[in-house]
Protein chains: 2
Amino acid sequence: MSPTIYRHVMTETGAPMTVTTEEWSPEVPPDGQVLVEVAGCGVCHTDLGFFYDGVRTRHPLPLCLGHEISGRVIAVAPDLTHLLGKAVVVPAVIPCGECEPCRAGRGAICATQFFPGNDEHGGFSSHVLVPGKGLCVVDEELLAASGVDLAMLSVIADAVTTPYQAILNSDLKAGDLAIFIGIGGVGNFGVQLASAMGAHVVAIDVDVERLEGIQDFGAEHTIVSGDDTRAIKKEVRDWAKANQYPLTGWKIFETSGHPGGQSLAVALLGYDAHLAVVGYTRAKIEMRLSNLMAFDATMRGTWGCLPEHYPAVVRHVLAGDVQLANFVEKFPMSELNRVFEDLHDHKIKKRPVMIPDFSSSV
Amino acid sequence: MSPTIYRHVMTETGAPMTVTTEEWSPEVPPDGQVLVEVAGCGVCHTDLGFFYDGVRTRHPLPLCLGHEISGRVIAVAPDLTHLLGKAVVVPAVIPCGECEPCRAGRGAICATQFFPGNDEHGGFSSHVLVPGKGLCVVDEELLAASGVDLAMLSVIADAVTTPYQAILNSDLKAGDLAIFIGIGGVGNFGVQLASAMGAHVVAIDVDVERLEGIQDFGAEHTIVSGDDTRAIKKEVRDWAKANQYPLTGWKIFETSGHPGGQSLAVALLGYDAHLAVVGYTRAKIEMRLSNLMAFDATMRGTWGCLPEHYPAVVRHVLAGDVQLANFVEKFPMSELNRVFEDLHDHKIKKRPVMIPDFSSSV
């Protein structure tokens, strides 16, 4: 097994990524690792942050980005033969599993966690070397029956699992009122998951088209966002009242990663509210911290999702509770630079999944 | 039983409170209520907010303020005879116990909760009518043996129990690193409680005298606060490292209720941190919300303390784990207006407890 590994490599902020090759010579991967032939790799807002905004990768440049990876295991370390040939989703955050935080169930803050496309070369490539631990093996029969292909499952690695972890952290229960702000590449999966778990979901976005797109996928009510946060809070409240849904204990999910969305999320805080900070922006916002006290409310940030929760999310997707097809768009990986640009310019509205096409393009 | 009830009544923002009297004629209190002869009533930052800053009381003015009440039950509704003659602490927030949030253990957001000195006349008075439910009965033998008098226990009703609830919410464990910002009338009790529960406690304040006062009462390390929040974070980190205390999962308690203290609290956020918002200010601060995401961290506000936790706090006080004497100062209640002024001008540094002296003063 000695394939050529092709990688789109970032060399400096904003400079077009270029393809490099490496002849993979070892007979077997190092202990604990496996080589995955990439089926698809999703493009995340975090990749744009690395590429355009100077957010630093933990591994110095040059580096191949991409942390939403699905594929097939084609080579394994001697202790991981059970993974050979398996279809897998590679979690975006793979904790070591052995340190004190890991043993306490706090793998999100594991200091030696592995984050492909940040700690080492990622998935905008033909093959990627990753820890075998934590890989989510996909049941081939269920996959075949679902009509979803393996490449599409790549987005589970961050876009679907991160809101799932945020939902678990919020202690969401059937009958709760959940509000998603930002119905982009993460929020639309959050809406579907929360709805599948029995919540009454309100979707808020500045983009009418996105709101229309989510109406048949779990959003009971949609609101076009704007500057008048009081009016939006009143609209949610009136709608909840009219439907006899809860007026307290709202679960608010900020997935836009924009300061405007964050300010709205904070304005929606009420008694016993839980605000999950899922989207990322370096911008600061102004807020009255003491509202948390007056409302006995909570704000919690979510970093990735523990690998142990991946199988449940894959089940939701393969069962059709969470629909990918309407929210994901495939592109040949050779178009990576253009897709980054178009996503940055908001010309692409669905989650892009890059499909390796190196043999034909190089 | 028909005593004269004397009350210091607030009529408008900042105007000196005046004493009113009411002849209490009913033979027995209304159903579910008891009449408490006030032993002492603590003065809280929240009272100053009502009196000076235009924060509105839920009951319209004129109103007698004061929600840190201890005393003795001298008259009871027919269903509450077991409380007659008992020494009690009156919780600052008494949930109804019957609504949906109450049954779900979320009494803090009970819509019909009773808050003396806010919903009805409070404790800057000779007697106060309160719900019997939730009163914390004090064991007379333990009280006598402790050397603490009943009047002093009044501060438990908010100043000691609120940080206790915040500590419970933070899931603090023995060996954790806890940081208290603001070593005033609430923070100093928080330091003692966290220390009694096995945490390593850092106390931070702008006031050197306060820091000196807490050194023998649970603060392992003290830091004089200032504008350089990075330097303060580094100092905590270096100290934790030197002592092999945790570098993640810090429990941060903001009890100053000042925007400067809140900004420092936010700057101290790190991996898996829990920031408890205990102090109140209407001011806003700037913060990067996404730090919560990057750190997988939590911010939580705390409104009062559930009555069910009061007995544990009283035990801590009567056992001497939490010392009141050094942090509380008694004043005759006739000096209420002056005490408000001096507290507002930061001339009083201990928690004032007002002792009724109406028979001699009126």
# chains A, B, ... in the order shown; residues from 1 in each chain; ligands from 1
call {"tool": "closest_atom_pairs", "arguments": {"of": "chain A", "to": "chain B", "cutoff": "6 Å", "atoms": "only C-alpha atoms", "output": "JSON lines"}}
result
{"residue": "A:Val277", "atom": "CA", "partner": "B:Met293", "partner_atom": "CA", "distance": 6.0}
{"residue": "A:Tyr280", "atom": "CA", "partner": "B:Ser290", "partner_atom": "CA", "distance": 5.3}
{"residue": "A:Lys284", "atom": "CA", "partner": "B:Arg288", "partner_atom": "CA", "distance": 4.2}
{"residue": "A:Ile285", "atom": "CA", "partner": "B:Glu286", "partner_atom": "CA", "distance": 5.4}
{"residue": "A:Glu286", "atom": "CA", "partner": "B:Glu286", "partner_atom": "CA", "distance": 4.3}
{"residue": "A:Met287", "atom": "CA", "partner": "B:Lys284", "partner_atom": "CA", "distance": 5.0}
{"residue": "A:Arg288", "atom": "CA", "partner": "B:Lys284", "partner_atom": "CA", "distance": 4.2}
{"residue": "A:Ser290", "atom": "CA", "partner": "B:Tyr280", "partner_atom": "CA", "distance": 5.3}
{"residue": "A:Leu292", "atom": "CA", "partner": "B:Gly301", "partner_atom": "CA", "distance": 4.3}
{"residue": "A:Met293", "atom": "CA", "partner": "B:Gly301", "partner_atom": "CA", "distance": 3.7}
{"residue": "A:Asp296", "atom": "CA", "partner": "B:Gly301", "partner_atom": "CA", "distance": 4.9}
{"residue": "A:Ala297", "atom": "CA", "partner": "B:Gly301", "partner_atom": "CA", "distance": 5.4}
{"residue": "A:Thr298", "atom": "CA", "partner": "B:Arg300", "partner_atom": "CA", "distance": 4.3}
{"residue": "A:Met299", "atom": "CA", "partner": "B:Met299", "partner_atom": "CA", "distance": 5.1}
{"residue": "A:Arg300", "atom": "CA", "partner": "B:Thr298", "partner_atom": "CA", "distance": 4.3}
{"residue": "A:Gly301", "atom": "CA", "partner": "B:Met293", "partner_atom": "CA", "distance": 3.7}
{"residue": "A:Thr302", "atom": "CA", "partner": "B:Met293", "partner_atom": "CA", "distance": 4.8}
{"residue": "A:Trp303", "atom": "CA", "partner": "B:Asp296", "partner_atom": "CA", "distance": 5.2}
call {"tool": "closest_atom_pairs", "arguments": {"of": "range 203-231 of chain B", "to": "range 163-183 of chain B", "cutoff": "7 Å", "atoms": "only C-alpha atoms", "output": "Markdown table"}}
result
| residue | atom | partner | partner_atom | distance |
| --- | --- | --- | --- | --- |
| B:Ala203 | CA | B:Phe180 | CA | 5.0 |
| B:Ile204 | CA | B:Ile181 | CA | 4.8 |
| B:Asp205 | CA | B:Gly182 | CA | 5.0 |
| B:Arg210 | CA | B:Ile183 | CA | 6.4 |
call {"tool": "select_by_dssp", "arguments": {"residues": "range 144-176 of chain A", "states": "helix (DSSP H, G or I)", "output": "compact mmCIF listing (two decimals) with C-alpha atoms, in the first residue's frame"}}
result
# COMPACT_ATOMS: atom_id res chain seq x y z
CA ALA A 144 -26.81 1.86 1.27
CA ALA A 145 -30.47 1.85 2.31
CA SER A 146 -30.45 5.56 3.23
CA MET A 152 -22.01 13.65 2.13
CA LEU A 153 -21.55 12.22 5.64
CA SER A 154 -18.38 14.32 5.93
CA VAL A 155 -20.40 17.29 7.19
CA ILE A 156 -21.37 15.26 10.25
CA ALA A 157 -17.82 15.79 11.49
CA THR A 161 -22.31 17.09 15.54
CA THR A 162 -21.39 20.49 16.99
CA PRO A 163 -24.99 21.70 17.26
CA TYR A 164 -25.85 18.19 18.57
CA GLN A 165 -23.33 18.60 21.41
CA ALA A 166 -24.70 22.11 22.07
CA ILE A 167 -28.22 20.66 22.23
CA LEU A 168 -27.07 17.97 24.70
CA ASN A 169 -25.33 20.63 26.81
call {"tool": "residues_around", "arguments": {"residues": "Gln33 in chain A", "least_positions_apart": "3", "cutoff": "7 Å", "atoms": "only C-alpha atoms", "output": "list in words"}}
result
Pro29, Pro30, Val76, Ala77, Leu129, Val130, Pro131 and Gly132 of chain A
call {"tool": "closest_residue", "arguments": {"among": "B:Leu193, B:Val322, B:Met354, B:Ala240", "to": "Asn337 in chain B", "atoms": "only C-alpha atoms"}}
result
B:Met354
call {"tool": "residues_around", "arguments": {"residues": "Lys86 in chain A", "least_positions_apart": "4", "cutoff": "8 Å", "atoms": "only C-alpha atoms", "output": "PDB file with C-alpha atoms, in the first residue's frame"}}
result
ATOM      1  CA  ARG A  72     -12.570   4.659   3.878  1.00  0.00           C
ATOM      2  CA  VAL A  73      -9.751   3.212   5.964  1.00  0.00           C
ATOM      3  CA  VAL A 137     -17.629   3.515  11.749  1.00  0.00           C
ATOM      4  CA  VAL A 138     -20.641   3.758   9.433  1.00  0.00           C
TER       5      VAL A 138
END
call {"tool": "select_by_dssp", "arguments": {"residues": "range 78-138 of chain B", "states": "strand (DSSP E)", "output": "JSON, numbers by chain"}}
result
{"B": [87, 88, 89, 90, 127, 128, 129, 130, 131, 136, 137]}
call {"tool": "closest_residue", "arguments": {"among": "A:Ala39, A:Leu336, A:Ile214, A:Cys44", "to": "Val160 in chain A", "atoms": "only C-alpha atoms"}}
result
A:Cys44
call {"tool": "atom_distance", "arguments": {"atom1": "CA of Ser225 in chain B", "atom2": "CA of Gly261 in chain B"}}
result
8.5 Å
call {"tool": "atom_distance", "arguments": {"atom1": "CA of Ile74 in chain A", "atom2": "CA of Val88 in chain A"}}
result
11.0 Å
call {"tool": "residues_around", "arguments": {"residues": "range 307-315 of chain A", "least_positions_apart": "4", "cutoff": "7 Å", "atoms": "only C-alpha atoms", "output": "PyMOL selection string"}}
result
chain A and resi 91+94+134+136+161+319
call {"tool": "write_last_selection", "arguments": {"atoms": "N, CA and C atoms", "output": "compact mmCIF listing (two decimals), in the first residue's frame"}}
result
# COMPACT_ATOMS: atom_id res chain seq x y z
N PRO A 91 -14.06 12.39 13.46
CA PRO A 91 -14.47 13.53 14.28
C PRO A 91 -13.50 14.71 14.14
N ILE A 94 -10.66 14.97 18.19
CA ILE A 94 -10.46 13.63 18.76
C ILE A 94 -9.61 13.76 20.02
N GLY A 134 -11.68 6.87 18.27
CA GLY A 134 -12.73 7.86 18.11
C GLY A 134 -13.34 7.91 16.72
N CYS A 136 -15.69 7.17 13.77
CA CYS A 136 -17.07 6.68 13.79
C CYS A 136 -17.28 5.79 12.58
N THR A 161 -22.58 17.53 14.16
CA THR A 161 -22.31 17.09 15.54
C THR A 161 -22.14 18.26 16.51
N ALA A 319 -31.45 7.71 9.32
CA ALA A 319 -32.89 7.48 9.50
C ALA A 319 -33.72 8.57 8.82
call {"tool": "residues_around", "arguments": {"residues": "Ala92 in chain B", "least_positions_apart": "2", "cutoff": "8 Å", "atoms": "only C-alpha atoms", "output": "ChimeraX atom specification"}}
result
/B:67-69,90,94,114-116,157-158,304-305
call {"tool": "write_last_selection", "arguments": {"atoms": "all heavy atoms", "output": "mmCIF file, in the first residue's frame"}}
result
data_model
loop_
_atom_site.group_PDB
_atom_site.id
_atom_site.type_symbol
_atom_site.label_atom_id
_atom_site.label_comp_id
_atom_site.auth_asym_id
_atom_site.auth_seq_id
_atom_site.Cartn_x
_atom_site.Cartn_y
_atom_site.Cartn_z
ATOM 1 N N HIS B 67 -34.386 42.558 52.946
ATOM 2 C CA HIS B 67 -34.695 41.152 52.643
ATOM 3 C C HIS B 67 -33.717 40.181 53.291
ATOM 4 O O HIS B 67 -33.677 39.019 52.930
ATOM 5 C CB HIS B 67 -34.735 40.943 51.123
ATOM 6 C CG HIS B 67 -33.465 41.369 50.433
ATOM 7 N ND1 HIS B 67 -33.284 42.640 49.948
ATOM 8 C CD2 HIS B 67 -32.330 40.700 50.177
ATOM 9 C CE1 HIS B 67 -32.074 42.729 49.395
ATOM 10 N NE2 HIS B 67 -31.477 41.571 49.539
ATOM 11 N N GLU B 68 -32.920 40.670 54.246
ATOM 12 C CA GLU B 68 -32.036 39.745 54.984
ATOM 13 C C GLU B 68 -32.508 39.733 56.422
ATOM 14 O O GLU B 68 -32.002 40.477 57.258
ATOM 15 C CB GLU B 68 -30.586 40.229 54.906
ATOM 16 C CG GLU B 68 -29.982 40.062 53.528
ATOM 17 C CD GLU B 68 -28.468 40.267 53.533
ATOM 18 O OE1 GLU B 68 -27.925 40.759 54.553
ATOM 19 O OE2 GLU B 68 -27.839 39.939 52.525
ATOM 20 N N ILE B 69 -33.459 38.866 56.687
ATOM 21 C CA ILE B 69 -34.199 38.936 57.953
ATOM 22 C C ILE B 69 -34.007 37.686 58.795
ATOM 23 O O ILE B 69 -34.132 36.560 58.309
ATOM 24 C CB ILE B 69 -35.717 39.096 57.678
ATOM 25 C CG1 ILE B 69 -35.971 40.291 56.747
ATOM 26 C CG2 ILE B 69 -36.487 39.224 58.982
ATOM 27 C CD1 ILE B 69 -37.386 40.339 56.189
ATOM 28 N N VAL B 90 -35.368 34.110 57.368
ATOM 29 C CA VAL B 90 -36.361 34.218 56.289
ATOM 30 C C VAL B 90 -35.617 34.280 54.954
ATOM 31 O O VAL B 90 -34.901 35.246 54.699
ATOM 32 C CB VAL B 90 -37.217 35.503 56.450
ATOM 33 C CG1 VAL B 90 -38.269 35.578 55.344
ATOM 34 C CG2 VAL B 90 -37.842 35.568 57.835
ATOM 35 N N ILE B 94 -38.545 33.255 48.377
ATOM 36 C CA ILE B 94 -39.344 32.093 48.779
ATOM 37 C C ILE B 94 -40.254 31.699 47.617
ATOM 38 O O ILE B 94 -41.256 32.356 47.354
ATOM 39 C CB ILE B 94 -40.188 32.395 50.041
ATOM 40 C CG1 ILE B 94 -39.285 32.881 51.185
ATOM 41 C CG2 ILE B 94 -40.980 31.158 50.462
ATOM 42 C CD1 ILE B 94 -40.013 33.155 52.488
ATOM 43 N N PHE B 114 -41.917 34.940 46.682
ATOM 44 C CA PHE B 114 -42.038 36.050 47.633
ATOM 45 C C PHE B 114 -40.658 36.551 48.001
ATOM 46 O O PHE B 114 -39.787 35.784 48.413
ATOM 47 C CB PHE B 114 -42.781 35.581 48.891
ATOM 48 C CG PHE B 114 -42.945 36.663 49.919
ATOM 49 C CD1 PHE B 114 -43.985 37.583 49.825
ATOM 50 C CD2 PHE B 114 -42.034 36.781 50.967
ATOM 51 C CE1 PHE B 114 -44.122 38.593 50.772
ATOM 52 C CE2 PHE B 114 -42.179 37.789 51.917
ATOM 53 C CZ PHE B 114 -43.217 38.694 51.817
ATOM 54 N N PHE B 115 -40.468 37.856 47.866
ATOM 55 C CA PHE B 115 -39.180 38.507 48.113
ATOM 56 C C PHE B 115 -39.504 39.666 49.052
ATOM 57 O O PHE B 115 -40.011 40.698 48.617
ATOM 58 C CB PHE B 115 -38.644 39.008 46.765
ATOM 59 C CG PHE B 115 -37.250 39.557 46.739
ATOM 60 C CD1 PHE B 115 -36.373 39.181 45.729
ATOM 61 C CD2 PHE B 115 -36.807 40.477 47.675
ATOM 62 C CE1 PHE B 115 -35.084 39.698 45.661
ATOM 63 C CE2 PHE B 115 -35.521 40.991 47.616
ATOM 64 C CZ PHE B 115 -34.664 40.608 46.607
ATOM 65 N N PRO B 116 -39.240 39.504 50.368
ATOM 66 C CA PRO B 116 -39.605 40.579 51.303
ATOM 67 C C PRO B 116 -38.851 41.870 50.963
ATOM 68 O O PRO B 116 -37.727 41.822 50.488
ATOM 69 C CB PRO B 116 -39.187 40.027 52.672
ATOM 70 C CG PRO B 116 -38.243 38.905 52.393
ATOM 71 C CD PRO B 116 -38.566 38.379 51.028
ATOM 72 N N ALA B 157 -29.568 35.252 54.865
ATOM 73 C CA ALA B 157 -30.711 35.283 53.943
ATOM 74 C C ALA B 157 -30.353 35.722 52.529
ATOM 75 O O ALA B 157 -31.142 35.547 51.612
ATOM 76 C CB ALA B 157 -31.809 36.187 54.501
ATOM 77 N N ASP B 158 -29.182 36.283 52.334
ATOM 78 C CA ASP B 158 -28.800 36.636 50.973
ATOM 79 C C ASP B 158 -27.280 36.596 50.832
ATOM 80 O O ASP B 158 -26.739 35.881 49.987
ATOM 81 C CB ASP B 158 -29.349 38.024 50.594
ATOM 82 C CG ASP B 158 -29.113 38.369 49.129
ATOM 83 O OD1 ASP B 158 -28.635 37.504 48.383
ATOM 84 O OD2 ASP B 158 -29.414 39.506 48.729
ATOM 85 N N GLY B 304 -30.643 34.497 43.967
ATOM 86 C CA GLY B 304 -30.996 33.985 45.285
ATOM 87 C C GLY B 304 -30.540 32.552 45.504
ATOM 88 O O GLY B 304 -29.623 32.052 44.856
ATOM 89 N N CYS B 305 -31.196 31.890 46.435
ATOM 90 C CA CYS B 305 -30.825 30.530 46.817
ATOM 91 C C CYS B 305 -32.099 29.810 47.226
ATOM 92 O O CYS B 305 -32.953 30.372 47.917
ATOM 93 C CB CYS B 305 -29.843 30.600 47.996
ATOM 94 S SG CYS B 305 -29.399 28.993 48.680
#
call {"tool": "residues_around", "arguments": {"residues": "range 54-62 of chain B", "least_positions_apart": "6", "cutoff": "8 Å", "atoms": "only C-alpha atoms", "output": "number ranges by chain"}}
result
B: 9-13, 118-120
call {"tool": "write_last_selection", "arguments": {"atoms": "C-alpha atoms", "output": "PDB file, in the first residue's frame"}}
result
ATOM      1  CA  VAL B   9     -40.679  53.240  54.573  1.00  0.00           C
ATOM      2  CA  MET B  10     -39.172  54.333  51.267  1.00  0.00           C
ATOM      3  CA  THR B  11     -41.422  56.855  49.507  1.00  0.00           C
ATOM      4  CA  GLU B  12     -39.283  57.998  46.562  1.00  0.00           C
ATOM      5  CA  THR B  13     -35.795  57.568  45.111  1.00  0.00           C
ATOM      6  CA  ASN B 118     -39.678  43.948  47.147  1.00  0.00           C
ATOM      7  CA  ASP B 119     -43.025  42.128  46.865  1.00  0.00           C
ATOM      8  CA  GLU B 120     -44.270  43.275  50.281  1.00  0.00           C
TER       9      GLU B 120
END
call {"tool": "atom_distance", "arguments": {"atom1": "CA of Thr112 in chain B", "atom2": "CA of Leu247 in chain A"}}
result
14.8 Å
